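Trainee: Below you'll find input.cif; it's mmCIF, C-alpha atoms and all ligand atoms; chains and numbers go by the auth columns.
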```
data_query
loop_
_atom_site.group_PDB
_atom_site.id
_atom_site.type_symbol
_atom_site.label_atom_id
_atom_site.label_comp_id
_atom_site.label_asym_id
_atom_site.label_seq_id
_atom_site.Cartn_x
_atom_site.Cartn_y
_atom_site.Cartn_z
_atom_site.B_iso_or_equiv
_atom_site.auth_seq_id
_atom_site.auth_asym_id
ATOM 1 C CA MET A 1 -20.361 -3.353 0.608 0.00 160 A
ATOM 2 C CA THR A 2 -19.567 0.348 0.226 0.00 161 A
ATOM 3 C CA LEU A 3 -16.353 1.848 -1.110 0.00 162 A
ATOM 4 C CA ARG A 4 -15.172 5.287 -0.054 0.00 163 A
ATOM 5 C CA VAL A 5 -12.063 7.395 -0.537 0.00 164 A
ATOM 6 C CA VAL A 6 -10.692 9.000 2.624 0.00 165 A
ATOM 7 C CA ARG A 7 -8.121 11.783 2.260 0.00 166 A
ATOM 8 C CA SER A 8 -8.238 13.496 5.656 0.00 167 A
ATOM 9 C CA ALA A 9 -7.648 12.634 9.310 0.00 168 A
ATOM 10 C CA ASP A 10 -9.899 9.742 10.398 0.00 169 A
ATOM 11 C CA GLY A 11 -8.755 8.088 13.620 0.00 170 A
ATOM 12 C CA VAL A 12 -11.435 5.374 13.576 0.00 171 A
ATOM 13 C CA LEU A 13 -10.545 4.250 10.058 0.00 172 A
ATOM 14 C CA ALA A 14 -6.800 4.499 10.810 0.00 173 A
ATOM 15 C CA ARG A 15 -7.335 2.173 13.797 0.00 174 A
ATOM 16 C CA ARG A 16 -9.262 -0.369 11.670 0.00 175 A
ATOM 17 C CA ALA A 17 -6.706 -0.212 8.848 0.00 176 A
ATOM 18 C CA ALA A 18 -3.860 -0.821 11.322 0.00 177 A
ATOM 19 C CA GLY A 19 -5.664 -3.891 12.687 0.00 178 A
ATOM 20 C CA LEU A 20 -6.330 -5.343 9.234 0.00 179 A
ATOM 21 C CA HIS A 21 -2.747 -4.566 8.136 0.00 180 A
ATOM 22 C CA LEU A 22 -1.443 -6.514 11.122 0.00 181 A
ATOM 23 C CA ARG A 23 -3.780 -9.485 10.527 0.00 182 A
ATOM 24 C CA ALA A 24 -3.129 -9.650 6.760 0.00 183 A
ATOM 25 C CA LEU A 25 0.585 -8.854 6.658 0.00 184 A
ATOM 26 C CA GLY A 26 1.889 -9.511 10.159 0.00 185 A
ATOM 27 C CA TYR A 27 3.617 -12.669 8.975 0.00 186 A
ATOM 28 C CA SER A 28 5.850 -10.903 6.477 0.00 187 A
ATOM 29 C CA SER A 29 5.886 -7.120 6.588 0.00 188 A
ATOM 30 C CA PHE A 30 8.812 -5.293 8.235 0.00 189 A
ATOM 31 C CA ILE A 31 6.817 -2.401 9.667 0.00 190 A
ATOM 32 C CA THR A 32 4.413 -4.722 11.506 0.00 191 A
ATOM 33 C CA LEU A 33 7.367 -5.591 13.781 0.00 192 A
ATOM 34 C CA PHE A 34 6.789 -2.209 15.456 0.00 193 A
ATOM 35 C CA GLY A 35 3.262 -3.202 16.504 0.00 194 A
ATOM 36 C CA GLU A 36 -0.318 -2.084 16.053 0.00 195 A
ATOM 37 C CA GLU A 37 0.059 1.274 17.844 0.00 196 A
ATOM 38 C CA PHE A 38 2.908 2.221 15.467 0.00 197 A
ATOM 39 C CA LEU A 39 0.763 1.240 12.457 0.00 198 A
ATOM 40 C CA PHE A 40 -2.188 3.233 13.811 0.00 199 A
ATOM 41 C CA GLU A 41 -0.022 6.356 14.269 0.00 200 A
ATOM 42 C CA LEU A 42 1.404 5.861 10.779 0.00 201 A
ATOM 43 C CA TYR A 43 -2.005 5.590 9.063 0.00 202 A
ATOM 44 C CA ARG A 44 -3.376 8.477 11.166 0.00 203 A
ATOM 45 C CA SER A 45 -0.379 10.725 10.370 0.00 204 A
ATOM 46 C CA LEU A 46 -0.367 9.889 6.631 0.00 205 A
ATOM 47 C CA LEU A 47 -4.027 10.929 6.391 0.00 206 A
ATOM 48 C CA GLU A 48 -3.511 13.996 8.582 0.00 207 A
ATOM 49 C CA ASP A 49 -0.573 15.198 6.443 0.00 208 A
ATOM 50 C CA GLY A 50 -2.291 14.365 3.129 0.00 209 A
ATOM 51 C CA LEU A 51 0.669 12.152 2.151 0.00 210 A
ATOM 52 C CA GLY A 52 -1.584 9.162 1.434 0.00 211 A
ATOM 53 C CA PHE A 53 -5.252 8.280 1.083 0.00 212 A
ATOM 54 C CA LEU A 54 -7.301 5.236 1.992 0.00 213 A
ATOM 55 C CA LEU A 55 -9.803 3.387 -0.175 0.00 214 A
ATOM 56 C CA ALA A 56 -12.019 1.665 2.348 0.00 215 A
ATOM 57 C CA ALA A 57 -14.367 -1.224 1.536 0.00 216 A
ATOM 58 C CA GLU A 58 -16.826 -1.420 4.414 0.00 217 A
ATOM 59 C CA GLU A 59 -19.728 -3.605 5.462 0.00 218 A
ATOM 60 C CA GLY A 60 -21.483 -1.602 8.165 0.00 219 A
ATOM 61 C CA ASP A 61 -18.739 -0.613 10.599 0.00 220 A
ATOM 62 C CA ARG A 62 -16.479 -3.495 9.533 0.00 221 A
ATOM 63 C CA LEU A 63 -13.478 -2.761 7.307 0.00 222 A
ATOM 64 C CA GLU A 64 -13.364 -5.680 4.821 0.00 223 A
ATOM 65 C CA GLY A 65 -10.496 -4.387 2.736 0.00 224 A
ATOM 66 C CA PHE A 66 -8.475 -1.297 1.954 0.00 225 A
ATOM 67 C CA ILE A 67 -5.765 0.211 -0.190 0.00 226 A
ATOM 68 C CA LEU A 68 -3.292 2.796 1.038 0.00 227 A
ATOM 69 C CA GLY A 69 -2.441 4.852 -2.025 0.00 228 A
ATOM 70 C CA SER A 70 -0.160 7.806 -2.568 0.00 229 A
ATOM 71 C CA LEU A 71 0.482 10.265 -5.367 0.00 230 A
ATOM 72 C CA GLU A 72 4.145 10.266 -4.323 0.00 231 A
ATOM 73 C CA GLY A 73 5.129 7.125 -2.439 0.00 232 A
ATOM 74 C CA SER A 74 8.693 8.308 -1.750 0.00 233 A
ATOM 75 C CA ARG A 75 7.334 11.090 0.519 0.00 234 A
ATOM 76 C CA LEU A 76 5.489 8.772 2.916 0.00 235 A
ATOM 77 C CA ASN A 77 8.313 8.538 5.445 0.00 236 A
ATOM 78 C CA GLN A 78 8.006 12.300 6.020 0.00 237 A
ATOM 79 C CA ALA A 79 5.081 11.448 8.316 0.00 238 A
ATOM 80 C CA ILE A 80 7.651 9.764 10.605 0.00 239 A
ATOM 81 C CA PHE A 81 10.405 12.392 10.257 0.00 240 A
ATOM 82 C CA ARG A 82 7.918 15.137 11.221 0.00 241 A
ATOM 83 C CA ARG A 83 7.109 13.325 14.491 0.00 242 A
ATOM 84 C CA PRO A 84 10.507 11.973 15.632 0.00 243 A
ATOM 85 C CA LEU A 85 9.617 11.751 19.318 0.00 244 A
ATOM 86 C CA ARG A 86 6.247 10.036 18.875 0.00 245 A
ATOM 87 C CA PHE A 87 7.523 7.453 16.366 0.00 246 A
ATOM 88 C CA GLY A 88 10.897 7.098 18.103 0.00 247 A
ATOM 89 C CA LEU A 89 9.183 6.047 21.334 0.00 248 A
ATOM 90 C CA LEU A 90 6.920 3.612 19.475 0.00 249 A
ATOM 91 C CA MET A 91 9.871 2.033 17.638 0.00 250 A
ATOM 92 C CA LEU A 92 12.323 1.947 20.544 0.00 251 A
ATOM 93 C CA PRO A 93 11.205 -1.318 22.245 0.00 252 A
ATOM 94 C CA THR A 94 11.474 -3.280 18.966 0.00 253 A
ATOM 95 C CA MET A 95 14.820 -1.672 18.101 0.00 254 A
ATOM 96 C CA LEU A 96 16.261 -2.525 21.522 0.00 255 A
ATOM 97 C CA GLY A 97 15.009 -6.129 21.297 0.00 256 A
ATOM 98 C CA ARG A 98 16.127 -6.613 17.671 0.00 257 A
ATOM 99 C CA PRO A 99 19.018 -4.245 16.837 0.00 258 A
ATOM 100 C CA SER A 100 18.956 -5.335 13.155 0.00 259 A
ATOM 101 C CA THR A 101 15.690 -3.372 12.815 0.00 260 A
ATOM 102 C CA ILE A 102 17.667 -0.114 13.277 0.00 261 A
ATOM 103 C CA PHE A 103 19.719 -0.817 10.170 0.00 262 A
ATOM 104 C CA HIS A 104 16.672 -2.050 8.242 0.00 263 A
ATOM 105 C CA ALA A 105 14.635 1.022 9.214 0.00 264 A
ATOM 106 C CA LEU A 106 17.404 3.256 7.820 0.00 265 A
ATOM 107 C CA GLN A 107 17.355 1.222 4.597 0.00 266 A
ATOM 108 C CA ILE A 108 13.557 1.522 4.353 0.00 267 A
ATOM 109 C CA ALA A 109 13.943 5.307 4.662 0.00 268 A
ATOM 110 C CA LEU A 110 15.891 5.162 1.378 0.00 269 A
ATOM 111 C CA TYR A 111 13.402 2.773 -0.227 0.00 270 A
ATOM 112 C CA GLY A 112 12.096 5.338 -2.745 0.00 271 A
ATOM 113 C CA LYS A 113 15.531 5.873 -4.307 0.00 272 A
ATOM 114 C CA ARG A 114 16.166 2.122 -4.472 0.00 273 A
ATOM 115 C CA ALA A 115 12.813 1.462 -6.164 0.00 274 A
ATOM 116 C CA ASP A 116 13.406 4.232 -8.716 0.00 275 A
ATOM 117 C CA ARG A 117 16.738 2.671 -9.724 0.00 276 A
ATOM 118 C CA VAL A 118 15.152 -0.617 -10.852 0.00 277 A
ATOM 119 C CA GLY A 119 11.760 0.692 -11.894 0.00 278 A
ATOM 120 C CA ASP A 120 10.523 3.762 -13.660 0.00 279 A
ATOM 121 C CA PRO A 121 11.264 7.033 -11.809 0.00 280 A
ATOM 122 C CA SER A 122 8.343 8.686 -13.613 0.00 281 A
ATOM 123 C CA ALA A 123 5.953 6.326 -11.769 0.00 282 A
ATOM 124 C CA LYS A 124 5.733 8.377 -8.563 0.00 283 A
ATOM 125 C CA ALA A 125 2.234 7.300 -7.575 0.00 284 A
ATOM 126 C CA GLU A 126 2.066 4.098 -5.593 0.00 285 A
ATOM 127 C CA LEU A 127 -0.217 1.377 -4.334 0.00 286 A
ATOM 128 C CA VAL A 128 1.461 1.176 -0.948 0.00 287 A
ATOM 129 C CA VAL A 129 -0.610 -1.464 0.858 0.00 288 A
ATOM 130 C CA ILE A 130 -3.572 -3.625 -0.104 0.00 289 A
ATOM 131 C CA ALA A 131 -5.270 -5.943 2.376 0.00 290 A
ATOM 132 C CA VAL A 132 -8.543 -7.870 2.414 0.00 291 A
ATOM 133 C CA GLU A 133 -9.964 -9.775 5.398 0.00 292 A
ATOM 134 C CA GLU A 134 -9.160 -13.471 5.013 0.00 293 A
ATOM 135 C CA SER A 135 -12.863 -14.523 5.069 0.00 294 A
ATOM 136 C CA THR A 136 -13.578 -12.155 2.135 0.00 295 A
ATOM 137 C CA ARG A 137 -10.639 -13.120 -0.125 0.00 296 A
ATOM 138 C CA SER A 138 -10.924 -14.565 -3.651 0.00 297 A
ATOM 139 C CA LYS A 139 -14.316 -12.884 -4.204 0.00 298 A
ATOM 140 C CA GLY A 140 -13.022 -10.040 -6.356 0.00 299 A
ATOM 141 C CA LEU A 141 -12.733 -7.311 -3.695 0.00 300 A
ATOM 142 C CA GLY A 142 -8.987 -6.888 -4.273 0.00 301 A
ATOM 143 C CA ALA A 143 -9.554 -6.341 -8.000 0.00 302 A
ATOM 144 C CA ARG A 144 -12.395 -3.897 -7.253 0.00 303 A
ATOM 145 C CA LEU A 145 -10.131 -1.890 -4.947 0.00 304 A
ATOM 146 C CA VAL A 146 -7.431 -1.744 -7.650 0.00 305 A
ATOM 147 C CA ALA A 147 -10.020 -0.508 -10.193 0.00 306 A
ATOM 148 C CA GLU A 148 -11.154 2.182 -7.752 0.00 307 A
ATOM 149 C CA LEU A 149 -7.540 3.192 -7.066 0.00 308 A
ATOM 150 C CA GLU A 150 -7.043 3.666 -10.794 0.00 309 A
ATOM 151 C CA ARG A 151 -10.167 5.840 -10.988 0.00 310 A
ATOM 152 C CA VAL A 152 -8.706 8.066 -8.241 0.00 311 A
ATOM 153 C CA PHE A 153 -5.286 8.142 -9.944 0.00 312 A
ATOM 154 C CA ARG A 154 -6.879 8.942 -13.324 0.00 313 A
ATOM 155 C CA GLU A 155 -8.742 11.888 -11.785 0.00 314 A
ATOM 156 C CA SER A 156 -5.431 13.134 -10.360 0.00 315 A
ATOM 157 C CA GLY A 157 -3.690 12.952 -13.746 0.00 316 A
ATOM 158 C CA VAL A 158 -1.560 9.895 -12.905 0.00 317 A
ATOM 159 C CA SER A 159 -0.648 7.835 -15.980 0.00 318 A
ATOM 160 C CA ARG A 160 1.527 5.135 -14.372 0.00 319 A
ATOM 161 C CA TYR A 161 1.956 3.847 -10.823 0.00 320 A
ATOM 162 C CA LYS A 162 4.032 1.288 -8.999 0.00 321 A
ATOM 163 C CA VAL A 163 3.737 -1.357 -6.328 0.00 322 A
ATOM 164 C CA THR A 164 6.363 -3.454 -4.566 0.00 323 A
ATOM 165 C CA CYS A 165 5.988 -6.758 -2.788 0.00 324 A
ATOM 166 C CA HIS A 166 8.301 -9.388 -1.384 0.00 325 A
ATOM 167 C CA GLU A 167 9.422 -11.848 -4.037 0.00 326 A
ATOM 168 C CA ASP A 168 8.451 -14.809 -1.831 0.00 327 A
ATOM 169 C CA MET A 169 4.806 -13.696 -1.373 0.00 328 A
ATOM 170 C CA THR A 170 3.624 -16.069 -4.100 0.00 329 A
ATOM 171 C CA ARG A 171 -0.102 -15.284 -3.911 0.00 330 A
ATOM 172 C CA ALA A 172 0.328 -11.513 -3.745 0.00 331 A
ATOM 173 C CA ASN A 173 2.624 -11.667 -6.801 0.00 332 A
ATOM 174 C CA ALA A 174 -0.045 -13.761 -8.593 0.00 333 A
ATOM 175 C CA PHE A 175 -2.667 -11.155 -7.665 0.00 334 A
ATOM 176 C CA TYR A 176 -0.612 -8.321 -9.179 0.00 335 A
ATOM 177 C CA ARG A 177 0.114 -10.272 -12.386 0.00 336 A
ATOM 178 C CA LYS A 178 -3.575 -11.190 -12.718 0.00 337 A
ATOM 179 C CA ASN A 179 -4.461 -7.509 -12.385 0.00 338 A
ATOM 180 C CA GLY A 180 -2.192 -6.406 -15.214 0.00 339 A
ATOM 181 C CA PHE A 181 0.913 -5.245 -13.347 0.00 340 A
ATOM 182 C CA GLU A 182 4.215 -5.597 -15.200 0.00 341 A
ATOM 183 C CA LEU A 183 7.295 -6.840 -13.331 0.00 342 A
ATOM 184 C CA ARG A 184 10.066 -4.247 -13.844 0.00 343 A
ATOM 185 C CA GLY A 185 12.807 -5.666 -11.634 0.00 344 A
ATOM 186 C CA ALA A 186 13.791 -6.753 -8.143 0.00 345 A
ATOM 187 C CA PHE A 187 16.037 -5.362 -5.429 0.00 346 A
ATOM 188 C CA PRO A 188 17.231 -6.452 -1.964 0.00 347 A
ATOM 189 C CA LEU A 189 16.176 -4.304 0.966 0.00 348 A
ATOM 190 C CA ALA A 190 15.829 -4.796 4.726 0.00 349 A
ATOM 191 C CA GLY A 191 16.447 -8.536 4.550 0.00 350 A
ATOM 192 C CA PHE A 192 13.983 -9.256 1.700 0.00 351 A
ATOM 193 C CA VAL A 193 14.039 -9.329 -2.086 0.00 352 A
ATOM 194 C CA TRP A 194 11.349 -6.948 -3.392 0.00 353 A
ATOM 195 C CA ASN A 195 9.632 -7.226 -6.764 0.00 354 A
ATOM 196 C CA LEU A 196 8.752 -3.916 -8.351 0.00 355 A
ATOM 197 C CA TYR A 197 5.747 -3.724 -10.673 0.00 356 A
ATOM 198 C CA THR A 198 4.290 -0.819 -12.629 0.00 357 A
ATOM 199 C CA LYS A 199 0.916 -0.444 -14.300 0.00 358 A
ATOM 200 C CA ASP A 200 -0.442 2.127 -16.720 0.00 359 A
ATOM 201 C CA VAL A 201 -3.658 3.911 -15.795 0.00 360 A
ATOM 202 C CA ARG A 202 -5.750 3.630 -18.928 0.00 361 A
ATOM 203 C CA SER A 203 -8.861 5.553 -19.881 0.00 362 A
ATOM 204 C CA PRO A 204 -12.030 3.676 -18.925 0.00 363 A
ATOM 205 C CA PRO A 205 -13.574 1.649 -21.775 0.00 364 A
ATOM 206 C CA LEU A 206 -16.473 3.318 -23.561 0.00 365 A
ATOM 207 C CA THR A 207 -19.746 1.845 -22.344 0.00 366 A
ATOM 208 C CA GLY A 208 -23.297 2.249 -23.545 0.00 367 A
ATOM 209 C CA GLY A 209 -22.739 0.632 -26.960 0.00 368 A
ATOM 210 C CA LEU A 210 -21.900 3.269 -29.542 0.00 369 A
ATOM 211 C CA ASP A 211 -24.107 2.330 -32.518 0.00 370 A
ATOM 212 C CA LEU A 212 -22.138 3.038 -35.670 0.00 371 A
ATOM 213 C CA GLY A 213 -24.827 1.586 -37.943 0.00 372 A
ATOM 214 C CA PRO A 214 -24.163 -0.991 -40.669 0.00 373 A
ATOM 215 C CA LEU A 215 -20.462 -0.165 -41.210 0.00 374 A
HETATM 216 C C1 LIG B . -3.752 -9.863 -2.158 0.00 1 B
HETATM 217 C C2 LIG B . -5.196 -9.617 -1.682 0.00 1 B
HETATM 218 C C3 LIG B . -5.382 -8.146 -1.356 0.00 1 B
HETATM 219 C C4 LIG B . -6.164 -10.018 -2.793 0.00 1 B
HETATM 220 O O1 LIG B . -7.475 -9.711 -2.362 0.00 1 B
HETATM 221 P P1 LIG B . -8.724 -10.588 -2.907 0.00 1 B
HETATM 222 O O2 LIG B . -9.980 -9.869 -2.513 0.00 1 B
HETATM 223 O O3 LIG B . -8.568 -11.984 -2.485 0.00 1 B
HETATM 224 O O4 LIG B . -8.479 -10.438 -4.493 0.00 1 B
HETATM 225 P P2 LIG B . -9.344 -10.993 -5.689 0.00 1 B
HETATM 226 O O5 LIG B . -10.505 -11.789 -5.169 0.00 1 B
HETATM 227 O O6 LIG B . -9.601 -9.868 -6.618 0.00 1 B
HETATM 228 O O7 LIG B . -8.297 -11.944 -6.403 0.00 1 B
HETATM 229 C C5 LIG B . -7.986 -13.180 -5.810 0.00 1 B
HETATM 230 C C6 LIG B . -6.639 -13.644 -6.298 0.00 1 B
HETATM 231 O O8 LIG B . -5.617 -12.987 -5.558 0.00 1 B
HETATM 232 C C7 LIG B . -4.553 -13.910 -5.328 0.00 1 B
HETATM 233 N N1 LIG B . -4.327 -13.985 -3.879 0.00 1 B
HETATM 234 C C8 LIG B . -3.260 -13.370 -3.337 0.00 1 B
HETATM 235 N N2 LIG B . -3.181 -13.618 -2.048 0.00 1 B
HETATM 236 C C9 LIG B . -4.241 -14.380 -1.705 0.00 1 B
HETATM 237 C C10 LIG B . -4.683 -14.948 -0.475 0.00 1 B
HETATM 238 N N3 LIG B . -3.974 -14.790 0.644 0.00 1 B
HETATM 239 N N4 LIG B . -5.836 -15.636 -0.466 0.00 1 B
HETATM 240 C C11 LIG B . -6.532 -15.778 -1.609 0.00 1 B
HETATM 241 N N5 LIG B . -6.153 -15.294 -2.812 0.00 1 B
HETATM 242 C C12 LIG B . -5.000 -14.583 -2.862 0.00 1 B
HETATM 243 C C13 LIG B . -4.919 -15.227 -5.944 0.00 1 B
HETATM 244 O O9 LIG B . -4.306 -15.225 -7.231 0.00 1 B
HETATM 245 C C14 LIG B . -6.434 -15.121 -6.074 0.00 1 B
HETATM 246 O O10 LIG B . -6.869 -15.830 -7.175 0.00 1 B
HETATM 247 P P3 LIG B . -7.755 -17.164 -6.926 0.00 1 B
HETATM 248 O O11 LIG B . -8.943 -16.734 -6.122 0.00 1 B
HETATM 249 O O12 LIG B . -8.081 -17.602 -8.319 0.00 1 B
HETATM 250 O O13 LIG B . -6.849 -18.092 -6.164 0.00 1 B
HETATM 251 C C15 LIG B . -5.545 -10.475 -0.423 0.00 1 B
HETATM 252 O O14 LIG B . -5.309 -11.806 -0.730 0.00 1 B
HETATM 253 C C16 LIG B . -4.762 -10.104 0.831 0.00 1 B
HETATM 254 O O15 LIG B . -5.193 -9.259 1.604 0.00 1 B
HETATM 255 N N6 LIG B . -3.605 -10.767 1.057 0.00 1 B
HETATM 256 C C17 LIG B . -2.791 -10.492 2.230 0.00 1 B
HETATM 257 C C18 LIG B . -2.137 -9.134 2.149 0.00 1 B
HETATM 258 C C19 LIG B . -1.196 -9.036 0.948 0.00 1 B
HETATM 259 O O16 LIG B . -0.495 -9.976 0.606 0.00 1 B
HETATM 260 N N7 LIG B . -1.172 -7.848 0.310 0.00 1 B
HETATM 261 C C20 LIG B . -0.322 -7.609 -0.851 0.00 1 B
HETATM 262 C C21 LIG B . 1.024 -7.165 -0.492 0.00 1 B
HETATM 263 S S1 LIG B . 1.009 -5.454 0.034 0.00 1 B
#
```
Can you turn what I pasted into structure tokens?
Mentor:
Amino acid sequence: MTLRVVRSADGVLARRAAGLHLRALGYSSFITLFGEEFLFELYRSLLEDGLGFLLAAEEGDRLEGFILGSLEGSRLNQAIFRRPLRFGLLMLPTMLGRPSTIFHALQIALYGKRADRVGDPSAKAELVVIAVEESTRSKGLGARLVAELERVFRESGVSRYKVTCHEDMTRANAFYRKNGFELRGAFPLAGFVWNLYTKDVRSPPLTGGLDLGPL
């Protein structure tokens, strides 16, 4: 399995990430309501605009898991605002079929401000999405992706980052707790209660066994 960081436009990877996002989170995530083409455009645009980056865990040409990370999570929706026609057309069928999504989409646009109120406004960097193929879960890939994300954040000077997830996603909440995230609060948004976690990016432990002699 190889791990790579992708920070620029990559349509093939964006397509694979959209598919995995839909398979892993289709049962619960609001934005999956708008469909795979919407997710593809979102991932493609975020990479193109440099608003987010992808950590991709790949086995050959198969995407086994990924993290969408951002140095400033509250700016992600700019990718949509910059392309109103393209995203508007992709969202329209869902909005016409389920008018409540219009209201929820407006709320999601204000998500950054809401998260800052319960969390720590200094934690601007964000783990936005993490997903691992079902057949690969519980083998440590999720934890490896988080460790790699922290290496990238450390290199960018980030000292603390945040993640949110629905309160009722029991296993995802367990995953974050197991990986050292601290629950900072919860807030209602777009029909769900969201837990907000933060985690400090620590320096890597010294390896190589510093021999201090018979102290
Ligand atoms: C959360 C997720 C990324 C963890 O990936 P992973 O490779 O299984 O992670 P690890 O192997 O490092 O850790 C496994 C632990 O994660 C937790 N976990 C969370 N969701 C899980 C799931 N659906 N299946 C298995 N384990 C899950 C469990 O605590 C598990 O511990 P266990 O194996 O002792 O039961 C993965 O389960 C997933 O893609 N879930 C669906 C998408 C999701 O919920 N994303 C988070 C919200 S954005």
Trainee: Starting from the shown file, work through the PyMOL selection byres (((not hetatm)) within 6 of (chain B and resi 1)) and note down what comes out as an MDAnalysis selection string.
Mentor: chainID A and resid 183:184 288:291 296:302 324 330:331 333:334
Trainee: Go ahead and fit an axis-aligned box to every listed atom of range 177-185 of chain A plus 6 Å each side, and pass me the centre and edge lengths in Å, one decimal, as AutoDock Vina command-line options.
Mentor:
```
--center_x -2.2 --center_y -5.2 --center_z 9.7 --size_x 20.2 --size_y 20.8 --size_z 18.0
```
Trainee: Residue by residue, what does the PyMOL selection byres (((chain A and resi 205-209) around 7) and not hetatm) grab here? Present the result as a ChimeraX atom specification.
Mentor: /A:166-168,201-204,210-212,238
Trainee: Just want the 12 Å neighbourhood of Tyr186 in chain A, counted on all atoms listed in the file, with same-chain residues fewer than 5 positions away dropped. Output as a ChimeraX atom specification.
Mentor: /A:180-181,191-192,325,328
Trainee: Do you have the CA of Asp359 in chain A-CA of Leu286 in chain A distance handy?
Mentor: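 CA of Asp359 in chain A sits 12.4 Å away from CA of Leu286 in chain A.
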Trainee: Each residue of range 213-289 of chain A lying at most 8 Å from range 347-352 of chain A should get a row with its shortest atom-to-atom pair and the distance in Å to one decimal, counting all atoms listed in the file; could you produce that, ordered by chain and increasing number, as JSON lines?
Mentor:
```
{"residue": "A:Phe262", "atom": "CA", "partner": "A:Ala349", "partner_atom": "CA", "distance": 7.8}
{"residue": "A:His263", "atom": "CA", "partner": "A:Ala349", "partner_atom": "CA", "distance": 4.5}
{"residue": "A:Ala264", "atom": "CA", "partner": "A:Ala349", "partner_atom": "CA", "distance": 7.4}
{"residue": "A:Gln266", "atom": "CA", "partner": "A:Ala349", "partner_atom": "CA", "distance": 6.2}
{"residue": "A:Ile267", "atom": "CA", "partner": "A:Ala349", "partner_atom": "CA", "distance": 6.7}
{"residue": "A:Tyr270", "atom": "CA", "partner": "A:Leu348", "partner_atom": "CA", "distance": 7.7}
```
Trainee: Considering all atoms listed in the file, can you say which of A:Ser294, A:Ser259, A:Ser318, A:Ser187 comes closest to Leu222 in chain A?
Mentor: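 Among A:Ser294, A:Ser259, A:Ser318, A:Ser187, it is A:Ser294 that comes nearest to Leu222 in chain A.
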Trainee: Quick one: pull the distance between CA of Asp220 in chain A and CA of Ser188 in chain A, Å, one decimal.
Mentor: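 Here the two named atoms are 25.8 Å from each other.
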Trainee: Apply the PyMOL selection byres (((chain A and resi 250) around 10) and not hetatm) to the structure shown and report the selected residues as a compact mmCIF listing (two decimals) with C-alpha atoms, keeping the file's coordinate frame.
Mentor:
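Printed below is expr.txt as written:
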```txt
# COMPACT_ATOMS: atom_id res chain seq x y z
CA ILE A 190 6.82 -2.40 9.67
CA LEU A 192 7.37 -5.59 13.78
CA PHE A 193 6.79 -2.21 15.46
CA GLY A 194 3.26 -3.20 16.50
CA GLU A 196 0.06 1.27 17.84
CA PHE A 197 2.91 2.22 15.47
CA LEU A 244 9.62 11.75 19.32
CA ARG A 245 6.25 10.04 18.88
CA PHE A 246 7.52 7.45 16.37
CA GLY A 247 10.90 7.10 18.10
CA LEU A 248 9.18 6.05 21.33
CA LEU A 249 6.92 3.61 19.48
CA LEU A 251 12.32 1.95 20.54
CA PRO A 252 11.20 -1.32 22.24
CA THR A 253 11.47 -3.28 18.97
CA MET A 254 14.82 -1.67 18.10
CA LEU A 255 16.26 -2.52 21.52
CA THR A 260 15.69 -3.37 12.82
CA ILE A 261 17.67 -0.11 13.28
CA ALA A 264 14.64 1.02 9.21
```
Trainee: Which residues are near Glu292 in chain A? Cut-off 7 Å, all atoms listed in the file, ignore same chain within fewer than 6 positions. Put them as a short mmCIF file (atom, residue, chain, number, x, y, z; two decimals) with C-alpha atoms, in the frame of the given file.
Mentor:
```
data_model
loop_
_atom_site.label_atom_id
_atom_site.label_comp_id
_atom_site.auth_asym_id
_atom_site.auth_seq_id
_atom_site.Cartn_x
_atom_site.Cartn_y
_atom_site.Cartn_z
CA LEU A 179 -6.33 -5.34 9.23
CA ALA A 183 -3.13 -9.65 6.76
CA GLU A 223 -13.36 -5.68 4.82
CA GLY A 224 -10.50 -4.39 2.74
#
```
Trainee: Mind pulling up the distance from CA of Arg257 in chain A to CA of Leu227 in chain A?
Mentor: 27.2 Å
